[in-house]
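**Q** What follows is the file work-v6.cif, containing mmCIF, C-alpha atoms and all ligand atoms:
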data_coords
loop_
_atom_site.group_PDB
_atom_site.id
_atom_site.type_symbol
_atom_site.label_atom_id
_atom_site.label_comp_id
_atom_site.auth_asym_id
_atom_site.auth_seq_id
_atom_site.Cartn_x
_atom_site.Cartn_y
_atom_site.Cartn_z
ATOM 1 C CA MET A 284 -120.214 43.252 152.086
ATOM 2 C CA MET A 285 -117.403 45.571 151.212
ATOM 3 C CA VAL A 286 -116.740 46.036 147.571
ATOM 4 C CA ASN A 287 -113.417 47.298 146.596
ATOM 5 C CA ILE A 288 -113.737 49.640 143.756
ATOM 6 C CA LEU A 289 -110.879 49.355 141.401
ATOM 7 C CA ARG A 290 -109.451 52.771 141.108
ATOM 8 C CA ILE A 291 -108.232 53.618 137.724
ATOM 9 C CA THR A 292 -105.395 56.050 137.818
ATOM 10 C CA PRO A 293 -106.281 58.988 135.683
ATOM 11 C CA LEU A 294 -103.914 59.680 132.865
ATOM 12 C CA SER A 295 -103.051 63.071 134.323
ATOM 13 C CA SER A 296 -101.324 61.482 137.276
ATOM 14 C CA PHE A 297 -98.668 59.988 135.027
ATOM 15 C CA ASN A 298 -95.709 62.152 134.488
ATOM 16 C CA VAL A 299 -96.667 62.845 130.954
ATOM 17 C CA THR A 300 -96.954 66.419 129.912
ATOM 18 C CA LYS A 301 -97.900 65.794 126.332
ATOM 19 C CA PRO A 302 -100.959 64.058 124.883
ATOM 20 C CA ILE A 303 -100.428 60.581 123.472
ATOM 21 C CA SER A 304 -100.871 61.806 119.921
ATOM 22 C CA SER A 305 -97.903 64.098 120.251
ATOM 23 C CA ILE A 306 -95.785 61.270 121.641
ATOM 24 C CA ARG A 307 -96.578 59.214 118.586
ATOM 25 C CA SER A 308 -95.652 62.010 116.272
ATOM 26 C CA ASN A 309 -92.593 62.984 118.243
ATOM 27 C CA PRO A 310 -90.151 60.099 118.381
ATOM 28 C CA THR A 311 -87.603 62.317 120.126
ATOM 29 C CA PHE A 312 -89.910 62.686 123.091
ATOM 30 C CA LEU A 313 -90.456 58.961 123.284
ATOM 31 C CA PHE A 314 -86.742 58.361 122.959
ATOM 32 C CA ASN A 315 -85.961 60.822 125.709
ATOM 33 C CA SER A 316 -88.428 59.131 128.019
ATOM 34 C CA LEU A 317 -86.710 55.774 127.648
ATOM 35 C CA PRO A 318 -83.807 54.779 129.825
ATOM 36 C CA THR A 319 -80.465 55.073 128.157
ATOM 37 C CA ILE A 320 -79.365 51.717 126.879
ATOM 38 C CA SER A 321 -75.862 51.294 125.670
ATOM 39 C CA ILE A 322 -75.908 49.206 122.525
ATOM 40 C CA ARG A 323 -72.631 47.871 121.329
ATOM 41 C CA GLN A 324 -72.610 48.306 117.588
ATOM 42 C CA PRO A 325 -71.174 45.305 115.831
ATOM 43 C CA LYS A 326 -68.172 46.173 113.737
ATOM 44 C CA ARG A 327 -69.458 43.991 110.986
ATOM 45 C CA GLY A 328 -72.994 44.044 109.692
ATOM 46 C CA PHE A 329 -74.876 41.571 107.592
ATOM 47 C CA ARG A 330 -73.004 42.505 104.486
ATOM 48 C CA GLY A 331 -69.679 42.008 106.123
ATOM 49 C CA GLY A 332 -68.529 45.489 106.923
ATOM 50 C CA ILE A 333 -69.409 48.986 107.859
ATOM 51 C CA VAL A 334 -67.047 51.287 106.082
ATOM 52 C CA ALA A 335 -66.726 54.925 106.926
ATOM 53 C CA MET A 336 -68.041 57.025 104.086
ATOM 54 C CA SER A 337 -67.907 60.657 103.290
ATOM 55 C CA ALA A 338 -71.182 62.555 102.979
ATOM 56 C CA ALA A 339 -73.763 61.203 100.558
ATOM 57 C CA PRO A 340 -72.924 62.094 96.977
ATOM 58 C CA THR A 341 -74.841 64.943 95.447
ATOM 59 C CA PRO A 342 -76.154 64.096 92.010
ATOM 60 C CA GLY A 343 -74.602 66.201 89.299
ATOM 61 C CA SER A 344 -72.288 67.922 91.762
ATOM 62 C CA VAL A 345 -69.204 67.467 89.594
ATOM 63 C CA GLN A 346 -69.494 69.397 86.338
ATOM 64 C CA LYS A 347 -66.569 69.615 83.946
ATOM 65 C CA SER A 348 -66.259 70.184 80.238
ATOM 66 C CA GLU A 349 -65.032 67.288 78.152
ATOM 67 C CA GLU A 350 -61.797 69.235 77.639
ATOM 68 C CA GLU A 351 -61.312 69.441 81.406
ATOM 69 C CA TRP A 352 -61.961 65.700 81.745
ATOM 70 C CA GLN A 353 -59.485 64.998 78.989
ATOM 71 C CA ALA A 354 -56.864 66.983 80.885
ATOM 72 C CA ILE A 355 -57.244 65.091 84.184
ATOM 73 C CA LEU A 356 -58.008 61.554 82.963
ATOM 74 C CA SER A 357 -55.724 59.104 81.205
ATOM 75 C CA PRO A 358 -56.673 58.434 77.557
ATOM 76 C CA GLU A 359 -58.137 55.042 78.550
ATOM 77 C CA GLN A 360 -60.076 56.523 81.499
ATOM 78 C CA PHE A 361 -61.417 59.221 79.178
ATOM 79 C CA ARG A 362 -62.445 56.665 76.567
ATOM 80 C CA ILE A 363 -64.399 54.610 79.100
ATOM 81 C CA LEU A 364 -65.707 57.171 81.609
ATOM 82 C CA ARG A 365 -66.582 59.964 79.182
ATOM 83 C CA GLN A 366 -67.074 58.123 75.883
ATOM 84 C CA LYS A 367 -68.806 55.065 77.358
ATOM 85 C CA GLY A 368 -66.165 52.622 76.257
ATOM 86 C CA THR A 369 -65.624 49.117 77.618
ATOM 87 C CA GLU A 370 -62.342 47.619 78.748
ATOM 88 C CA TYR A 371 -61.361 44.288 77.297
ATOM 89 C CA PRO A 372 -62.756 41.446 79.489
ATOM 90 C CA GLY A 373 -60.408 39.840 81.976
ATOM 91 C CA THR A 374 -57.861 42.644 81.769
ATOM 92 C CA GLY A 375 -59.082 45.056 84.442
ATOM 93 C CA GLU A 376 -57.122 45.747 87.592
ATOM 94 C CA TYR A 377 -60.028 44.796 89.882
ATOM 95 C CA ASP A 378 -61.533 41.878 87.974
ATOM 96 C CA LYS A 379 -60.043 39.249 90.296
ATOM 97 C CA PHE A 380 -59.244 41.571 93.157
ATOM 98 C CA PHE A 381 -61.012 41.093 96.499
ATOM 99 C CA GLY A 382 -59.372 43.461 98.969
ATOM 100 C CA GLU A 383 -61.444 45.027 101.729
ATOM 101 C CA GLY A 384 -62.295 48.671 101.213
ATOM 102 C CA VAL A 385 -64.214 51.089 99.045
ATOM 103 C CA TYR A 386 -64.315 51.617 95.294
ATOM 104 C CA SER A 387 -64.732 55.238 94.302
ATOM 105 C CA CYS A 388 -65.315 56.880 90.950
ATOM 106 C CA ALA A 389 -62.019 57.235 89.091
ATOM 107 C CA GLY A 390 -63.283 60.499 87.658
ATOM 108 C CA CYS A 391 -64.514 62.408 90.715
ATOM 109 C CA GLY A 392 -63.703 60.294 93.789
ATOM 110 C CA THR A 393 -67.301 59.681 94.920
ATOM 111 C CA PRO A 394 -67.615 56.351 96.819
ATOM 112 C CA LEU A 395 -69.600 53.956 94.613
ATOM 113 C CA TYR A 396 -69.218 50.390 95.892
ATOM 114 C CA LYS A 397 -68.148 48.637 99.075
ATOM 115 C CA SER A 398 -65.903 45.614 98.687
ATOM 116 C CA THR A 399 -68.454 43.637 100.731
ATOM 117 C CA THR A 400 -70.852 43.798 97.763
ATOM 118 C CA LYS A 401 -68.283 42.545 95.238
ATOM 119 C CA PHE A 402 -68.561 39.014 93.985
ATOM 120 C CA ASN A 403 -66.819 36.820 91.477
ATOM 121 C CA SER A 404 -69.146 36.626 88.500
ATOM 122 C CA GLY A 405 -66.564 35.082 86.205
ATOM 123 C CA CYS A 406 -67.664 37.415 83.422
ATOM 124 C CA GLY A 407 -64.371 39.283 83.054
ATOM 125 C CA TRP A 408 -65.242 42.542 84.787
ATOM 126 C CA PRO A 409 -65.653 43.485 88.445
ATOM 127 C CA ALA A 410 -69.160 42.596 89.645
ATOM 128 C CA PHE A 411 -71.087 44.115 92.535
ATOM 129 C CA TYR A 412 -74.558 43.232 93.712
ATOM 130 C CA GLU A 413 -75.371 46.748 94.879
ATOM 131 C CA GLY A 414 -73.963 50.260 94.904
ATOM 132 C CA VAL A 415 -73.716 52.904 97.588
ATOM 133 C CA PRO A 416 -77.280 54.298 97.901
ATOM 134 C CA GLY A 417 -77.797 57.315 95.658
ATOM 135 C CA ALA A 418 -74.324 57.122 94.129
ATOM 136 C CA ILE A 419 -75.251 55.423 90.878
ATOM 137 C CA ASN A 420 -77.697 56.414 88.142
ATOM 138 C CA ARG A 421 -79.315 54.060 85.658
ATOM 139 C CA HIS A 422 -80.217 54.834 82.056
ATOM 140 C CA ALA A 423 -81.713 52.774 79.275
ATOM 141 C CA ASP A 424 -78.873 52.014 76.894
ATOM 142 C CA PRO A 425 -79.220 53.150 73.260
ATOM 143 C CA ASP A 426 -78.930 49.462 72.299
ATOM 144 C CA GLY A 427 -82.429 49.025 73.773
ATOM 145 C CA MET A 428 -81.351 45.977 75.750
ATOM 146 C CA ARG A 429 -79.072 46.960 78.574
ATOM 147 C CA ILE A 430 -79.193 49.433 81.458
ATOM 148 C CA GLU A 431 -76.207 51.712 81.644
ATOM 149 C CA ILE A 432 -74.908 52.761 85.065
ATOM 150 C CA THR A 433 -73.146 56.051 85.665
ATOM 151 C CA CYS A 434 -71.634 57.925 88.596
ATOM 152 C CA ALA A 435 -74.457 60.146 89.885
ATOM 153 C CA ALA A 436 -72.033 62.913 90.813
ATOM 154 C CA CYS A 437 -70.056 63.329 87.585
ATOM 155 C CA GLY A 438 -71.969 61.257 85.021
ATOM 156 C CA GLY A 439 -68.958 59.038 84.349
ATOM 157 C CA HIS A 440 -69.770 55.760 82.587
ATOM 158 C CA LEU A 441 -69.295 52.752 84.878
ATOM 159 C CA GLY A 442 -70.750 49.836 82.921
ATOM 160 C CA HIS A 443 -74.122 48.106 82.926
ATOM 161 C CA VAL A 444 -76.457 46.478 85.424
ATOM 162 C CA PHE A 445 -78.048 43.096 84.745
ATOM 163 C CA LYS A 446 -80.951 41.570 86.651
ATOM 164 C CA GLY A 447 -82.221 38.086 87.279
ATOM 165 C CA GLU A 448 -79.144 36.159 86.227
ATOM 166 C CA GLY A 449 -79.433 33.855 89.238
ATOM 167 C CA PHE A 450 -76.229 34.730 91.039
ATOM 168 C CA PRO A 451 -76.538 33.815 94.730
ATOM 169 C CA THR A 452 -76.453 37.413 95.945
ATOM 170 C CA PRO A 453 -78.993 39.353 98.035
ATOM 171 C CA THR A 454 -80.208 41.487 95.100
ATOM 172 C CA ASN A 455 -80.017 39.196 92.072
ATOM 173 C CA GLU A 456 -78.400 42.113 90.255
ATOM 174 C CA ARG A 457 -74.942 42.348 88.770
ATOM 175 C CA HIS A 458 -73.304 45.727 88.387
ATOM 176 C CA CYS A 459 -70.770 44.978 85.685
ATOM 177 C CA VAL A 460 -68.225 47.754 86.083
ATOM 178 C CA ASN A 461 -65.072 48.634 84.199
ATOM 179 C CA SER A 462 -62.068 48.488 86.541
ATOM 180 C CA ILE A 463 -60.769 51.652 84.981
ATOM 181 C CA SER A 464 -63.883 53.548 86.097
ATOM 182 C CA LEU A 465 -63.025 52.724 89.700
ATOM 183 C CA LYS A 466 -60.346 53.599 92.232
ATOM 184 C CA PHE A 467 -59.981 51.259 95.187
ATOM 185 C CA ALA A 468 -58.942 52.392 98.666
ATOM 186 C CA PRO A 469 -58.231 49.822 101.415
ATOM 187 C CA ALA A 470 -60.469 49.962 104.482
ATOM 188 C CA ASN A 471 -57.563 50.617 106.825
ATOM 189 C CA SER A 472 -56.077 53.512 104.870
HETATM 190 ZN ZN ZN B 501 -67.828 60.341 89.369
#
The structure in this file should be written as structure tokens.
Ligand SMILES: [Zn+2]
**A**
Amino acid sequence: MMVNILRITPLSSFNVTKPISSIRSNPTFLFNSLPTISIRQPKRGFRGGIVAMSAAPTPGSVQKSEEEWQAILSPEQFRILRQKGTEYPGTGEYDKFFGEGVYSCAGCGTPLYKSTTKFNSGCGWPAFYEGVPGAINRHADPDGMRIEITCAACGGHLGHVFKGEGFPTPTNERHCVNSISLKFAPANS
């Protein structure tokens, strides 16, 4: 009786010039070996919008003396951004504003928040559930209770971040930001 011997194709007969281990550690190789698939990127992601951003902010990249800040900021911007003041609740330009675009630092222009992360907290200041990655630093407030948030690039005071308040947002955080610390630019500008 004839027995067919299953012939196992040796690995070397595949058109693979690199050992498997190097494929694993070299995603580019794997990618190149795959057929090109054209993926249509959705214009809108889960959080409602993909907004073109400039390069990632570099922490501490904007260094000015307080005298220089005083010269380029309005007295109220200086009081809040550089002296960690707080605008009166319910008075800020962006408290009840929900245009589509990007909020940048009023001091140095670094993009800080996308409008898609803004929500109406009803607390009297603009509220965001998350910032642009790497754009915002957190510091324990001298009051021992709150966490201060600042622009990572210039150190400008933005406000405070609160956790676990139960707002129906993806992060359960509220970045409570002074309007005057921000400068909004519409998405289509
Ligand atoms: Zn800044």
**Q** Give me, as a list in words, the set of residues whose atoms come within 10 Å of any atom of ligand ZN 501 (chain B), counting only C-alpha atoms and all ligand atoms.
**A**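 Counting only C-alpha atoms and all ligand atoms, the residues within 10 Å of ligand ZN 501 (chain B) come out as Pro340, Pro342, Gly343, Ser344, Val345, Gln346, Leu364, Ser387, Cys388, Ala389, Gly390, Cys391, Gly392, Thr393, Pro394, Leu395, Ala418, Ile419, Thr433, Cys434, Ala435, Ala436, Cys437, Gly438, Gly439, His440, Leu441, Ser464 and Leu465 of chain A.
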**Q** Output C-alpha atoms for every residue in that selection, as a compact mmCIF listing (two decimals), in the frame of the given file.
**A**
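Listing of selection-v5.txt after writing:
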# COMPACT_ATOMS: atom_id res chain seq x y z
CA PRO A 340 -72.92 62.09 96.98
CA PRO A 342 -76.15 64.10 92.01
CA GLY A 343 -74.60 66.20 89.30
CA SER A 344 -72.29 67.92 91.76
CA VAL A 345 -69.20 67.47 89.59
CA GLN A 346 -69.49 69.40 86.34
CA LEU A 364 -65.71 57.17 81.61
CA SER A 387 -64.73 55.24 94.30
CA CYS A 388 -65.32 56.88 90.95
CA ALA A 389 -62.02 57.24 89.09
CA GLY A 390 -63.28 60.50 87.66
CA CYS A 391 -64.51 62.41 90.72
CA GLY A 392 -63.70 60.29 93.79
CA THR A 393 -67.30 59.68 94.92
CA PRO A 394 -67.61 56.35 96.82
CA LEU A 395 -69.60 53.96 94.61
CA ALA A 418 -74.32 57.12 94.13
CA ILE A 419 -75.25 55.42 90.88
CA THR A 433 -73.15 56.05 85.66
CA CYS A 434 -71.63 57.92 88.60
CA ALA A 435 -74.46 60.15 89.88
CA ALA A 436 -72.03 62.91 90.81
CA CYS A 437 -70.06 63.33 87.58
CA GLY A 438 -71.97 61.26 85.02
CA GLY A 439 -68.96 59.04 84.35
CA HIS A 440 -69.77 55.76 82.59
CA LEU A 441 -69.30 52.75 84.88
CA SER A 464 -63.88 53.55 86.10
CA LEU A 465 -63.02 52.72 89.70
**Q** Mind pulling up the distance from atom CA of A:Glu448 to atom CA of A:Gly407?
**A**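 Taking atom CA of A:Gly407 as the start and atom CA of A:Glu448 as the end point, the length is 15.4 Å.
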**Q** Given the file shown, determine the residues that the PyMOL selection byres (((chain A and resi 444) around 6) and not hetatm) selects; report them as a ChimeraX atom specification.
**A** /A:430,443,445,457-459
**Q** Quick one: pull the distance between atom CA of A:Glu431 and atom CA of A:Gly447, Å, one decimal.
**A** 15.9 Å
**Q** Give me, please, the distance in Å between atom CA of A:Gly442 and atom CA of A:Lys397, quoted to one decimal.
**A**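 One can read the atom CA of A:Gly442 to atom CA of A:Lys397 distance as 16.4 Å.
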**Q** List as a PyMOL selection string the protein and nucleic acid residues near A:Ile463, meaning an atom at most 9 Å away when only C-alpha atoms are counted, but skip any in the same chain fewer than 5 places from it.
**A** chain A and resi 359-360+363-364+370+375-377+389+441
**Q** Taking into account all atoms listed in the file, which residue in the set A:Val460, A:Cys406, A:Val415, A:Ala354 is nearest to A:Thr369?
**A**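 That would be A:Val460, the residue with the smallest distance to A:Thr369.
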**Q** List as JSON, numbers by chain the protein and nucleic acid residues near A:Lys401, meaning an atom at most 9 Å away when all atoms listed in the file are counted, but skip any in the same chain fewer than 6 places from it.
**A** {"A": [381, 409, 410, 411, 412, 413]}
